[in-house]
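**Q** This is the content of target17.txt (compact mmCIF, C-alpha atoms):
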# COMPACT_ATOMS: atom_id res chain seq x y z
CA MET Z 175 -6.35 76.12 -54.32
CA ALA Z 176 -3.30 76.14 -52.15
CA GLY Z 177 0.31 76.42 -53.18
CA PHE Z 178 0.88 74.58 -56.43
CA ASP Z 179 -2.39 72.65 -56.33
CA LYS Z 180 -4.11 73.64 -59.59
CA VAL Z 181 -7.02 71.24 -59.56
CA VAL Z 182 -10.46 72.80 -59.94
CA SER Z 183 -13.68 70.89 -59.45
CA SER Z 184 -16.05 72.48 -61.94
CA TYR Z 185 -15.97 73.54 -65.57
CA ALA Z 186 -17.29 76.94 -64.48
CA GLU Z 187 -14.19 77.40 -62.32
CA ALA Z 188 -11.97 76.02 -65.08
CA MET Z 189 -13.04 78.67 -67.60
CA ALA Z 190 -13.74 81.55 -65.18
CA GLY Z 191 -12.57 84.86 -66.64
CA LEU Z 192 -13.29 84.04 -70.26
CA THR Z 193 -15.15 86.98 -71.77
CA ASP Z 194 -16.31 88.19 -75.18
CA ASN Z 195 -13.71 88.94 -77.88
CA MET Z 196 -10.91 86.96 -76.26
CA THR Z 197 -8.41 84.75 -78.07
CA VAL Z 198 -8.53 81.04 -77.23
CA ILE Z 199 -5.80 78.62 -78.32
CA ALA Z 200 -7.03 75.04 -78.45
CA GLY Z 201 -5.00 71.83 -78.69
CA GLY Z 202 -6.10 68.91 -80.85
CA PHE Z 203 -5.78 67.53 -84.36
CA GLY Z 204 -9.13 66.84 -85.96
CA LEU Z 205 -11.13 65.33 -83.12
CA CYS Z 206 -8.07 63.68 -81.58
CA GLY Z 207 -6.85 65.10 -78.27
CA ILE Z 208 -9.41 67.88 -77.91
CA PRO Z 209 -10.56 69.33 -74.56
CA GLU Z 210 -14.17 68.29 -75.05
CA GLY Z 211 -15.53 69.48 -71.71
CA LEU Z 212 -13.81 72.86 -71.84
CA ILE Z 213 -15.26 73.48 -75.31
CA GLY Z 214 -18.67 72.52 -73.91
CA GLN Z 215 -18.20 75.04 -71.10
CA ILE Z 216 -17.37 77.83 -73.59
CA LYS Z 217 -20.63 77.00 -75.35
CA ARG Z 218 -22.58 77.13 -72.09
CA MET Z 219 -21.01 80.47 -71.14
CA GLY Z 220 -22.30 81.95 -74.39
CA VAL Z 221 -19.29 84.24 -74.88
CA THR Z 222 -19.03 85.63 -78.41
CA GLY Z 223 -16.60 87.37 -80.70
CA LEU Z 224 -13.92 84.77 -79.99
CA THR Z 225 -10.77 84.33 -82.00
CA VAL Z 226 -10.01 80.61 -81.90
CA VAL Z 227 -6.57 79.28 -82.83
CA SER Z 228 -6.56 75.55 -83.52
CA ASN Z 229 -5.42 73.28 -86.33
CA ASN Z 230 -9.04 72.47 -87.24
CA CYS Z 231 -12.52 73.60 -86.22
CA GLY Z 232 -14.07 70.27 -85.25
CA VAL Z 233 -16.99 68.83 -87.18
CA ASP Z 234 -20.68 69.69 -87.25
CA GLY Z 235 -22.00 69.09 -83.74
CA PHE Z 236 -18.72 68.02 -82.13
CA GLY Z 237 -15.49 69.61 -80.95
CA LEU Z 238 -15.00 73.28 -81.76
CA GLY Z 239 -17.81 72.88 -84.31
CA ILE Z 240 -20.35 73.36 -81.51
CA LEU Z 241 -19.13 76.93 -80.96
CA LEU Z 242 -20.31 77.79 -84.47
CA GLU Z 243 -23.92 76.88 -83.64
CA ASP Z 244 -24.47 80.08 -81.65
CA ARG Z 245 -21.97 82.09 -83.71
CA GLN Z 246 -19.47 82.40 -80.86
CA ILE Z 247 -16.42 82.39 -83.12
CA LYS Z 248 -15.59 85.60 -84.97
CA LYS Z 249 -12.27 84.48 -86.37
CA MET Z 250 -10.63 81.10 -86.83
CA VAL Z 251 -6.89 80.61 -87.28
CA ALA Z 252 -6.38 77.07 -88.62
CA SER Z 253 -4.54 75.03 -91.24
CA TYR Z 254 -7.49 72.98 -92.48
CA VAL Z 255 -11.21 73.51 -92.07
CA GLY Z 256 -12.70 71.08 -94.55
CA GLU Z 257 -14.89 68.93 -92.32
CA ASN Z 258 -17.62 71.30 -91.34
CA ALA Z 259 -20.71 72.39 -93.31
CA LEU Z 260 -21.73 75.08 -90.80
CA PHE Z 261 -18.22 76.53 -90.95
CA GLU Z 262 -18.48 76.72 -94.73
CA LYS Z 263 -21.86 78.45 -94.53
CA GLN Z 264 -20.70 81.10 -92.04
CA LEU Z 265 -17.51 81.67 -94.00
CA LEU Z 266 -19.37 82.22 -97.26
CA SER Z 267 -21.90 84.56 -95.60
CA GLY Z 268 -19.07 86.62 -94.12
CA GLU Z 269 -20.10 85.96 -90.50
CA LEU Z 270 -16.85 84.14 -89.88
CA GLU Z 271 -13.32 85.17 -90.75
CA VAL Z 272 -10.63 82.56 -91.34
CA GLU Z 273 -6.87 82.92 -91.41
CA LEU Z 274 -5.47 79.82 -93.06
CA THR Z 275 -2.02 79.11 -91.69
CA PRO Z 276 0.36 76.30 -92.70
CA GLN Z 277 0.31 73.57 -90.08
CA GLY Z 278 3.99 73.79 -89.16
CA THR Z 279 3.83 77.58 -89.04
CA LEU Z 280 0.81 77.31 -86.73
CA ALA Z 281 2.65 74.94 -84.38
CA GLU Z 282 5.69 77.21 -84.41
CA LYS Z 283 3.58 80.34 -83.84
CA MET Z 284 2.25 78.74 -80.65
CA ARG Z 285 5.64 77.42 -79.58
CA ALA Z 286 7.33 80.78 -80.19
CA GLY Z 287 4.47 82.65 -78.51
CA GLY Z 288 4.84 80.52 -75.40
CA ALA Z 289 8.62 80.93 -75.45
CA GLY Z 290 8.57 84.73 -75.62
CA ILE Z 291 9.75 84.90 -79.23
CA PRO Z 292 7.62 87.47 -81.06
CA ALA Z 293 8.34 86.32 -84.63
CA PHE Z 294 10.46 83.94 -86.66
CA TYR Z 295 11.60 83.43 -90.24
CA THR Z 296 10.47 80.38 -92.18
CA ALA Z 297 10.69 79.22 -95.79
CA THR Z 298 7.17 77.83 -95.53
CA GLY Z 299 4.74 79.95 -97.53
CA TYR Z 300 7.32 82.04 -99.38
CA GLY Z 301 6.05 82.85 -102.88
CA THR Z 302 2.51 81.74 -101.99
CA PRO Z 303 -0.60 83.67 -100.86
CA VAL Z 304 0.53 83.03 -97.25
CA GLY Z 305 3.65 85.11 -97.82
CA GLU Z 306 1.86 88.12 -99.30
CA GLY Z 307 2.60 91.32 -97.41
CA LYS Z 308 5.10 89.67 -95.09
CA GLU Z 309 8.73 90.73 -94.68
CA VAL Z 310 11.14 88.61 -96.76
CA ARG Z 311 14.76 88.11 -95.79
CA GLU Z 312 17.45 85.97 -97.36
CA PHE Z 313 19.65 83.66 -95.33
CA ASN Z 314 22.36 81.65 -97.13
CA GLY Z 315 20.79 82.55 -100.46
CA ARG Z 316 17.30 81.31 -99.63
CA PRO Z 317 14.30 83.59 -99.03
CA TYR Z 318 12.28 83.32 -95.82
CA ILE Z 319 9.18 85.12 -94.60
CA LEU Z 320 8.67 86.65 -91.18
CA GLU Z 321 5.80 85.08 -89.24
CA GLU Z 322 4.52 86.53 -85.96
CA SER Z 323 3.92 84.29 -82.99
CA ILE Z 324 0.59 83.78 -81.23
CA THR Z 325 -0.44 83.97 -77.61
CA GLY Z 326 -3.94 83.58 -76.23
CA ASP Z 327 -5.97 84.94 -73.36
CA PHE Z 328 -6.81 81.31 -72.69
CA ALA Z 329 -5.27 78.05 -73.83
CA ILE Z 330 -7.43 74.94 -73.57
CA VAL Z 331 -5.51 71.70 -73.55
CA LYS Z 332 -6.29 67.99 -73.40
CA ALA Z 333 -3.77 65.77 -71.63
CA TRP Z 334 -3.95 62.14 -70.59
CA LYS Z 335 -2.81 62.60 -67.00
CA ALA Z 336 -1.76 65.53 -64.90
CA ASP Z 337 -0.65 65.69 -61.32
CA ARG Z 338 -2.07 68.30 -58.95
CA TYR Z 339 0.81 70.62 -59.80
CA GLY Z 340 -0.19 70.62 -63.45
CA ASN Z 341 2.61 68.41 -64.78
CA CYS Z 342 1.14 66.69 -67.84
CA VAL Z 343 1.62 63.65 -70.02
CA TYR Z 344 -0.16 62.99 -73.30
CA ARG Z 345 -1.31 59.73 -74.83
CA HIS Z 346 -0.26 58.62 -78.34
CA THR Z 347 -1.09 61.05 -81.14
CA ALA Z 348 -3.52 62.92 -78.88
CA GLN Z 349 -0.41 64.95 -78.04
CA ASN Z 350 -0.32 66.94 -81.34
CA PHE Z 351 -0.72 70.70 -80.71
CA ASN Z 352 -1.47 70.37 -76.98
CA PRO Z 353 2.05 70.92 -75.58
CA MET Z 354 2.50 74.12 -77.62
CA ALA Z 355 -0.97 75.39 -76.80
CA ALA Z 356 -0.23 74.82 -73.11
CA THR Z 357 2.69 77.26 -73.21
CA ALA Z 358 0.88 80.01 -75.10
CA GLY Z 359 -2.09 80.92 -72.89
CA LYS Z 360 -2.18 83.73 -70.34
CA ILE Z 361 -4.43 81.27 -68.53
CA THR Z 362 -3.85 77.64 -69.47
CA VAL Z 363 -6.52 75.12 -68.56
CA VAL Z 364 -5.84 71.41 -68.91
CA GLU Z 365 -8.60 68.83 -69.08
CA VAL Z 366 -7.39 65.32 -68.28
CA GLU Z 367 -8.57 61.74 -68.04
CA GLU Z 368 -6.86 61.18 -64.71
CA ILE Z 369 -5.44 63.35 -61.94
CA VAL Z 370 -2.58 61.85 -59.98
CA GLU Z 371 -0.52 62.98 -56.99
CA PRO Z 372 2.73 64.92 -57.51
CA GLY Z 373 5.60 62.45 -57.84
CA GLU Z 374 3.54 59.73 -59.48
CA ILE Z 375 4.65 60.73 -62.97
CA PRO Z 376 8.43 60.24 -63.22
CA PRO Z 377 9.91 63.77 -63.63
CA SER Z 378 11.76 62.89 -66.83
CA GLN Z 379 8.55 61.69 -68.46
CA ILE Z 380 6.61 64.89 -67.93
CA GLN Z 381 5.86 66.45 -71.30
CA THR Z 382 4.36 69.74 -70.11
CA PRO Z 383 5.87 71.05 -66.86
CA GLY Z 384 3.31 72.49 -64.47
CA ILE Z 385 4.78 76.00 -64.69
CA TYR Z 386 2.75 76.53 -67.87
CA VAL Z 387 -0.50 75.31 -66.35
CA ASP Z 388 -2.96 77.36 -64.30
CA ARG Z 389 -5.91 75.02 -63.84
CA VAL Z 390 -6.45 71.28 -64.10
CA ILE Z 391 -9.83 69.58 -64.33
CA LYS Z 392 -10.76 65.93 -64.61
CA GLY Z 393 -13.01 65.57 -67.62
CA SER Z 394 -15.03 62.82 -69.19
CA PHE Z 395 -14.47 62.20 -72.87
CA GLU Z 396 -16.47 60.73 -75.71
CA LYS Z 397 -13.33 60.54 -77.90
CA ARG Z 398 -15.24 60.45 -81.15
CA ILE Z 399 -13.32 58.96 -84.09
CA GLU Z 400 -13.41 60.97 -87.31
CA ARG Z 401 -12.38 58.24 -89.76
CA LYS Z 402 -12.39 54.72 -88.43
CA VAL Z 403 -10.43 52.52 -90.81
CA THR Z 404 -9.62 48.93 -89.94
CA ARG Z 405 -8.04 45.88 -91.51
CA SER Z 406 -9.23 42.33 -91.04
CA ALA Z 407 -7.43 40.51 -88.23
CA MET O 76 -1.94 52.66 -121.60
CA ALA O 77 -2.13 55.30 -118.92
CA LEU O 78 -1.22 54.02 -115.46
CA SER O 79 -3.90 53.32 -112.86
CA ARG O 80 -3.69 54.98 -109.44
CA GLU O 81 -2.19 51.76 -108.07
CA GLN O 82 0.42 51.63 -110.83
CA ILE O 83 1.44 55.25 -110.18
CA ALA O 84 1.82 54.30 -106.51
CA MET O 85 3.90 51.24 -107.49
CA ARG O 86 6.24 53.39 -109.56
CA VAL O 87 6.55 55.88 -106.69
CA ALA O 88 7.52 53.08 -104.30
CA GLN O 89 10.36 52.05 -106.62
CA GLU O 90 11.97 55.39 -105.75
CA PHE O 91 12.14 54.51 -102.05
CA LYS O 92 15.62 53.79 -100.67
CA ASP O 93 16.35 51.44 -97.81
CA GLY O 94 16.38 53.32 -94.50
CA SER O 95 14.52 56.42 -95.69
CA TYR O 96 12.07 58.52 -93.72
CA ILE O 97 9.09 59.27 -95.94
CA ASN O 98 6.00 61.44 -95.69
CA LEU O 99 3.11 60.37 -97.90
CA GLY O 100 0.26 62.75 -98.70
CA ILE O 101 -3.40 61.78 -98.94
CA GLY O 102 -4.62 59.85 -102.00
CA ILE O 103 -2.25 58.10 -104.46
CA PRO O 104 0.83 58.85 -102.29
CA THR O 105 -0.70 56.90 -99.38
CA LEU O 106 -1.16 53.87 -101.66
CA ALA O 107 2.61 53.75 -102.22
CA ALA O 108 2.97 52.32 -98.70
CA ASN O 109 1.44 49.09 -100.06
CA TYR O 110 4.19 48.64 -102.67
CA VAL O 111 7.44 49.17 -100.76
CA PRO O 112 9.91 46.90 -102.62
CA GLU O 113 10.99 43.60 -101.09
CA GLY O 114 14.05 43.86 -98.85
CA ILE O 115 13.67 47.59 -98.23
CA THR O 116 12.65 49.12 -94.92
CA VAL O 117 11.27 52.63 -94.76
CA MET O 118 9.71 54.62 -91.95
CA LEU O 119 6.59 56.65 -92.64
CA GLN O 120 6.16 60.05 -91.02
CA SER O 121 2.68 61.33 -90.33
CA GLU O 122 2.76 65.06 -89.66
CA ASN O 123 0.30 64.98 -86.75
CA GLY O 124 3.19 63.57 -84.74
CA LEU O 125 4.03 59.95 -85.60
CA LEU O 126 7.24 58.56 -87.08
CA GLY O 127 6.82 54.88 -87.89
CA MET O 128 3.25 54.62 -89.05
CA GLY O 129 2.02 51.04 -89.12
CA PRO O 130 -0.96 49.44 -90.86
CA TYR O 131 -4.59 50.23 -90.08
CA PRO O 132 -5.68 48.66 -86.80
CA THR O 133 -7.81 45.56 -86.43
CA GLU O 134 -11.21 46.19 -84.87
CA GLU O 135 -9.74 45.29 -81.44
CA GLN O 136 -6.78 47.65 -81.86
CA VAL O 137 -8.82 50.75 -82.75
CA ASP O 138 -7.80 53.63 -80.45
CA ALA O 139 -9.23 57.14 -80.76
CA ASP O 140 -5.87 58.54 -79.59
CA MET O 141 -4.00 56.90 -82.45
CA ILE O 142 -4.61 58.55 -85.82
CA ASN O 143 -2.66 59.62 -88.90
CA ALA O 144 -2.58 63.00 -90.65
CA GLY O 145 -5.63 61.97 -92.70
CA LYS O 146 -7.45 61.56 -89.35
CA GLU O 147 -7.77 57.81 -89.94
CA THR O 148 -7.24 55.30 -87.17
CA VAL O 149 -3.78 53.80 -87.46
CA THR O 150 -1.15 51.79 -85.57
CA ALA O 151 2.50 52.44 -84.77
CA SER O 152 5.16 50.15 -86.19
CA THR O 153 7.96 48.66 -84.08
CA GLY O 154 10.51 51.38 -83.40
CA ALA O 155 8.01 54.20 -83.89
CA SER O 156 8.06 57.45 -81.97
CA ILE O 157 5.28 59.91 -81.15
CA PHE O 158 5.76 63.61 -80.53
CA SER O 159 4.19 67.05 -80.71
CA SER O 160 3.24 68.99 -83.84
CA ALA O 161 6.16 71.39 -83.30
CA GLU O 162 8.60 68.47 -83.16
CA SER O 163 6.97 66.94 -86.21
CA PHE O 164 7.40 70.07 -88.26
CA ALA O 165 10.92 70.60 -86.95
CA MET O 166 11.70 67.29 -88.68
CA ILE O 167 9.94 68.44 -91.81
CA ARG O 168 11.23 72.03 -91.95
CA GLY O 169 14.69 71.07 -90.82
CA GLY O 170 15.12 68.84 -93.88
CA HIS O 171 15.25 65.57 -91.94
CA VAL O 172 12.51 63.84 -93.94
CA ASP O 173 14.14 62.16 -96.96
CA ILE O 174 11.20 61.92 -99.35
CA THR O 175 7.83 63.63 -99.51
CA VAL O 176 5.20 62.41 -101.94
CA LEU O 177 2.15 64.56 -102.58
CA GLY O 178 -0.52 65.31 -105.14
CA ALA O 179 -0.93 68.57 -107.07
CA PHE O 180 -3.23 70.50 -109.42
CA GLU O 181 -0.31 71.96 -111.39
CA VAL O 182 3.48 71.86 -111.50
CA ASP O 183 5.65 74.13 -113.62
CA GLN O 184 9.11 73.89 -115.15
CA GLN O 185 10.64 76.03 -112.38
CA GLY O 186 9.60 73.42 -109.85
CA ASN O 187 6.70 75.46 -108.49
CA ILE O 188 3.66 73.57 -107.24
CA ALA O 189 -0.01 74.53 -106.86
CA SER O 190 -1.99 72.02 -104.82
CA TRP O 191 -4.28 73.70 -102.31
CA MET O 192 -6.43 76.46 -103.72
CA ILE O 193 -8.67 77.00 -106.72
CA PRO O 194 -9.93 80.61 -106.75
CA GLY O 195 -13.72 80.74 -106.72
CA LYS O 196 -13.97 77.34 -105.07
CA LEU O 197 -14.14 76.90 -101.33
CA VAL O 198 -10.67 76.75 -99.84
CA LYS O 199 -10.30 74.15 -97.11
CA GLY O 200 -6.73 74.92 -96.22
CA MET O 201 -3.16 73.89 -96.92
CA GLY O 202 -2.70 71.66 -93.87
CA GLY O 203 0.97 70.69 -93.78
CA ALA O 204 1.62 70.81 -97.54
CA MET O 205 3.43 74.17 -97.57
CA ASP O 206 5.75 73.05 -94.78
CA LEU O 207 6.44 69.74 -96.51
CA VAL O 208 7.35 71.26 -99.87
CA ALA O 209 9.52 73.90 -98.19
CA GLY O 210 11.39 71.36 -96.11
CA ALA O 211 11.80 67.96 -97.77
CA LYS O 212 14.99 67.07 -99.61
CA ASN O 213 13.26 65.13 -102.37
CA ILE O 214 9.71 65.79 -103.38
CA ILE O 215 7.79 63.55 -105.74
CA VAL O 216 4.52 64.83 -107.14
CA THR O 217 1.90 62.34 -108.29
CA MET O 218 -0.95 63.48 -110.52
CA THR O 219 -2.59 62.83 -113.84
CA HIS O 220 -0.62 64.35 -116.72
CA ALA O 221 -3.64 66.28 -118.00
CA ASP O 222 -6.98 67.25 -116.46
CA LYS O 223 -10.26 65.68 -117.54
CA HIS O 224 -10.58 68.23 -120.35
CA GLY O 225 -7.17 67.17 -121.70
CA GLN O 226 -5.41 70.33 -120.45
CA SER O 227 -1.82 69.78 -119.36
CA LYS O 228 -0.95 70.06 -115.67
CA LEU O 229 2.77 70.37 -116.46
CA LEU O 230 3.07 74.04 -117.30
CA GLU O 231 5.56 76.72 -118.20
CA GLN O 232 4.18 78.65 -115.24
CA CYS O 233 1.54 77.63 -112.68
CA THR O 234 -1.72 79.56 -112.99
CA LEU O 235 -3.17 78.68 -109.57
CA PRO O 236 -1.98 80.09 -106.23
CA LEU O 237 1.22 78.30 -105.24
CA THR O 238 1.95 75.90 -102.42
CA GLY O 239 5.72 76.31 -102.80
CA VAL O 240 8.37 77.64 -105.18
CA ASN O 241 11.37 75.94 -106.82
CA CYS O 242 10.88 72.80 -104.79
CA ILE O 243 9.69 69.94 -106.99
CA ASN O 244 12.28 67.66 -108.59
CA ARG O 245 10.30 64.67 -109.72
CA ILE O 246 6.84 64.02 -111.11
CA ILE O 247 5.19 60.66 -111.67
CA THR O 248 2.02 60.91 -113.75
CA ASP O 249 -0.23 58.36 -115.38
CA LEU O 250 1.86 58.78 -118.56
CA ALA O 251 5.44 59.39 -117.50
CA MET O 252 8.15 60.02 -114.95
CA LEU O 253 9.89 63.36 -115.34
CA GLU O 254 12.59 65.33 -113.59
CA ILE O 255 12.60 69.10 -113.27
CA ARG O 256 15.92 70.93 -113.68
CA ASP O 257 17.37 73.85 -115.64
CA ASN O 258 13.89 75.31 -116.09
CA ALA O 259 12.54 72.30 -118.02
CA PHE O 260 10.82 68.94 -117.67
CA TYR O 261 13.19 66.08 -118.58
CA LEU O 262 11.38 62.94 -119.66
CA LEU O 263 12.89 59.94 -117.86
CA GLU O 264 10.41 57.12 -118.42
CA ARG O 265 7.09 56.56 -120.09
CA ALA O 266 4.19 54.38 -119.01
CA PRO O 267 4.08 51.04 -120.89
CA GLY O 268 2.51 51.56 -124.30
CA VAL O 269 2.42 55.38 -124.04
CA SER O 270 4.25 57.15 -126.87
CA VAL O 271 6.68 60.02 -126.51
CA ASP O 272 4.39 61.95 -128.87
CA GLU O 273 1.42 61.64 -126.54
CA ILE O 274 3.54 62.87 -123.63
CA ARG O 275 4.86 65.76 -125.74
CA GLN O 276 1.30 66.67 -126.72
CA LYS O 277 0.11 66.70 -123.11
CA THR O 278 3.07 68.63 -121.67
CA ALA O 279 2.55 72.39 -121.97
CA GLY O 280 5.87 73.35 -120.34
CA LYS O 281 9.30 72.95 -121.91
CA LEU O 282 9.93 69.23 -122.40
CA ILE O 283 13.40 67.80 -123.01
CA ILE O 284 13.65 64.35 -124.55
CA GLU O 285 17.16 62.92 -124.64
CA GLY O 286 17.71 59.68 -126.53
CA ASP O 287 15.42 56.69 -126.27
CA ILE O 288 12.96 56.95 -123.41
CA PRO O 289 12.53 53.60 -121.65
CA GLU O 290 9.21 52.21 -120.53
CA MET O 291 8.54 51.85 -116.82
CA GLN O 292 9.20 48.37 -115.48
CA PHE O 293 6.83 46.79 -112.99
Give the structure from this file in structure tokens form.

**A**
Amino acid sequence: MAGFDKVVSSYAEAMAGLTDNMTVIAGGFGLCGIPEGLIGQIKRMGVTGLTVVSNNCGVDGFGLGILLEDRQIKKMVASYVGENALFEKQLLSGELEVELTPQGTLAEKMRAGGAGIPAFYTATGYGTPVGEGKEVREFNGRPYILEESITGDFAIVKAWKADRYGNCVYRHTAQNFNPMAATAGKITVVEVEEIVEPGEIPPSQIQTPGIYVDRVIKGSFEKRIERKVTRSA
Amino acid sequence: MALSREQIAMRVAQEFKDGSYINLGIGIPTLAANYVPEGITVMLQSENGLLGMGPYPTEEQVDADMINAGKETVTASTGASIFSSAESFAMIRGGHVDITVLGAFEVDQQGNIASWMIPGKLVKGMGGAMDLVAGAKNIIVTMTHADKHGQSKLLEQCTLPLTGVNCINRIITDLAMLEIRDNAFYLLERAPGVSVDEIRQKTAGKLIIEGDIPEMQF
């Protein structure tokens, strides 16, 4: 790699430095916009004791779900984990810890973490189990709870295209948590469908500026659909 | 007669105002999209990052990168926008979404809602529900008035862990439409053929009945 060129040519290079007990922030919503190849590499590396921060934990046999097969995840921070039988089993047996976090709070925790803001007040979760033990403060007569932001040792992100400098664009609703995840990793790795030359993406259309990105790899994606629903033409 | 799921959704849709931004939860709320009244245009927000949710795709239109918050394949309507989860919840938490419709296990007369967790049963998570109830200006809860054992779901105080506090203003059940204010349920309308007595019997919280209660019109 020279200068701002962040492209790596192997998954091993992309995830180099990931070790046991690290925190990994992953973009994606359900199976939409997930860095499939980077997740596969984490599985191959066999690292364990991971804390994974992601809206969901994939499904059995796909997405982050494959990291459960060899018990690589110690703790999951997510808003919804309902699609995964193995997850349920490990949770009930106590092998896996889960911190359920409201979806908007999770997005904001990543955004704030990436922006150097250590905590923020939100009305979400006040008076519920989520608010238990958290500082409460009133603003304009309404109570808010203090939520701490999240940063990760690694952030794994799926973008549609990136240029060699790591400037990214996302496609449709595969954007979801990816832009926030990209800002919140000490090392941010982006897996893309296409790598282009700097200047090919108009600067005003870049959704994640390359400053947040450390490594870019061209992946190949299955893009599995969780719930295909159609109407007749 | 108690309303069907479709009829509850129809009554919900009558509450929609022209030009409103609306977030519909999974289940009965989603069905309300099918009954938007003639001459009214609304825009549906899906919290995974889509404002202007269109119909389900045809087989040819299916795109793995285009889903709704229920993880179903979907299309974007004309004039839609797509954005990140942080942007999506900025809209929700910032009070920019006009109406949120969601289901619940219990609602109480203080406007508290319990919809995500039954102790002793496996908890799958709250998703975006806590953000939605904390942020929306108008929240409509749809649910059956009583559970399958006949126990009221409209309570003096919720018994299950809460999703949000003091946030619900309107409930549409299979028996009635009610408003919550001044620490009580106010009966506004009853389902066709359902008596005020039956509603009174199945409402455990404080119920206020003022004057004649009209039947819902479909």

**Q** Would you list the contacts of Met250 in chain Z as a ChimeraX atom specification, taking every protein, DNA or RNA residue within 12 Å and counting all atoms listed in the file, but skipping same-chain residues closer than 6 positions in sequence?

**A** /Z:197-200,223-232,238-239,241-242,261-262,264-265,269-275 /O:200

**Q** Within 6 Å of chain O, which residues belong to chain Z? Use all atoms listed in the file and report them as a ChimeraX atom specification.

**A** /Z:206,253-256,274,276-278,281-282,297-299,302,346-351,399,401-407

**Q** List as a list in words the protein and nucleic acid residues near range 175-182 of chain Z, meaning an atom at most 8 Å away when all atoms listed in the file are counted, but skip any in the same chain fewer than 5 places from it.

**A**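 The neighbour list is Glu187, Ala188, Arg338, Tyr339, Gly340, Val387, Asp388, Arg389, Val390 and Ile391 of chain Z.
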
**Q** Determine, counting all atoms listed in the file, which protein, DNA and RNA residues have an atom within 6 Å of an atom of Glu367 in chain Z; residues of the same chain fewer than 5 positions away are not included. Present the result as a PyMOL selection string.

**A** chain Z and resi 334-335+392-393

**Q** Check the smallest atom-to-atom distance from each of Z:Met189, Z:Leu205, Z:Ala286, Z:Ala252 to Glu322 in chain Z using all atoms listed in the file, then report the winner.

**A**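 Residue with the minimum atom-to-atom distance to Glu322 in chain Z: Z:Ala286.
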
**Q** For CA of Gly102 in chain O and CA of Thr116 in chain O, determine how far apart the two atoms are, in Å to one decimal place.

**A**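 CA of Thr116 in chain O lies 21.5 Å from CA of Gly102 in chain O.
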
**Q** Near Ser95 in chain O, counting all atoms listed in the file, which residues have an atom at most 8 Å away, once you skip same-chain residues fewer than 4 positions from it, shown as a list in words?

**A** Phe91, Thr116, Val117, Met118, Val172, Asp173 and Ile174 of chain O

**Q** Excluding Ala279 in chain O and residues on its chain fewer than 5 positions from it, collect all residues at most 10 Å away from it, counting all atoms listed in the file, and give them as a PyMOL selection string.

**A** chain O and resi 183-184+221+226-232+260+274

**Q** Can you measure CA of Val182 in chain O to CA of Val251 in chain Z for me? One decimal in Å is fine.

**A**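 The value is 27.8 Å.
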
**Q** What separation in Å, quoted to one decimal, exists between CA of Gly127 in chain O and CA of Ser152 in chain O?

**A**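 Computed distance, CA of Gly127 in chain O to CA of Ser152 in chain O, equals 5.3 Å.
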
**Q** Identify which of the residues Z:Glu396, Z:Gly359, Z:Asp244, Z:Ala336 lies closest to Gly373 in chain Z, counting all atoms listed in the file when measuring atom-to-atom distances.

**A**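 Of Z:Glu396, Z:Gly359, Z:Asp244, Z:Ala336, the one nearest Gly373 in chain Z is Z:Ala336, counting all atoms listed in the file.
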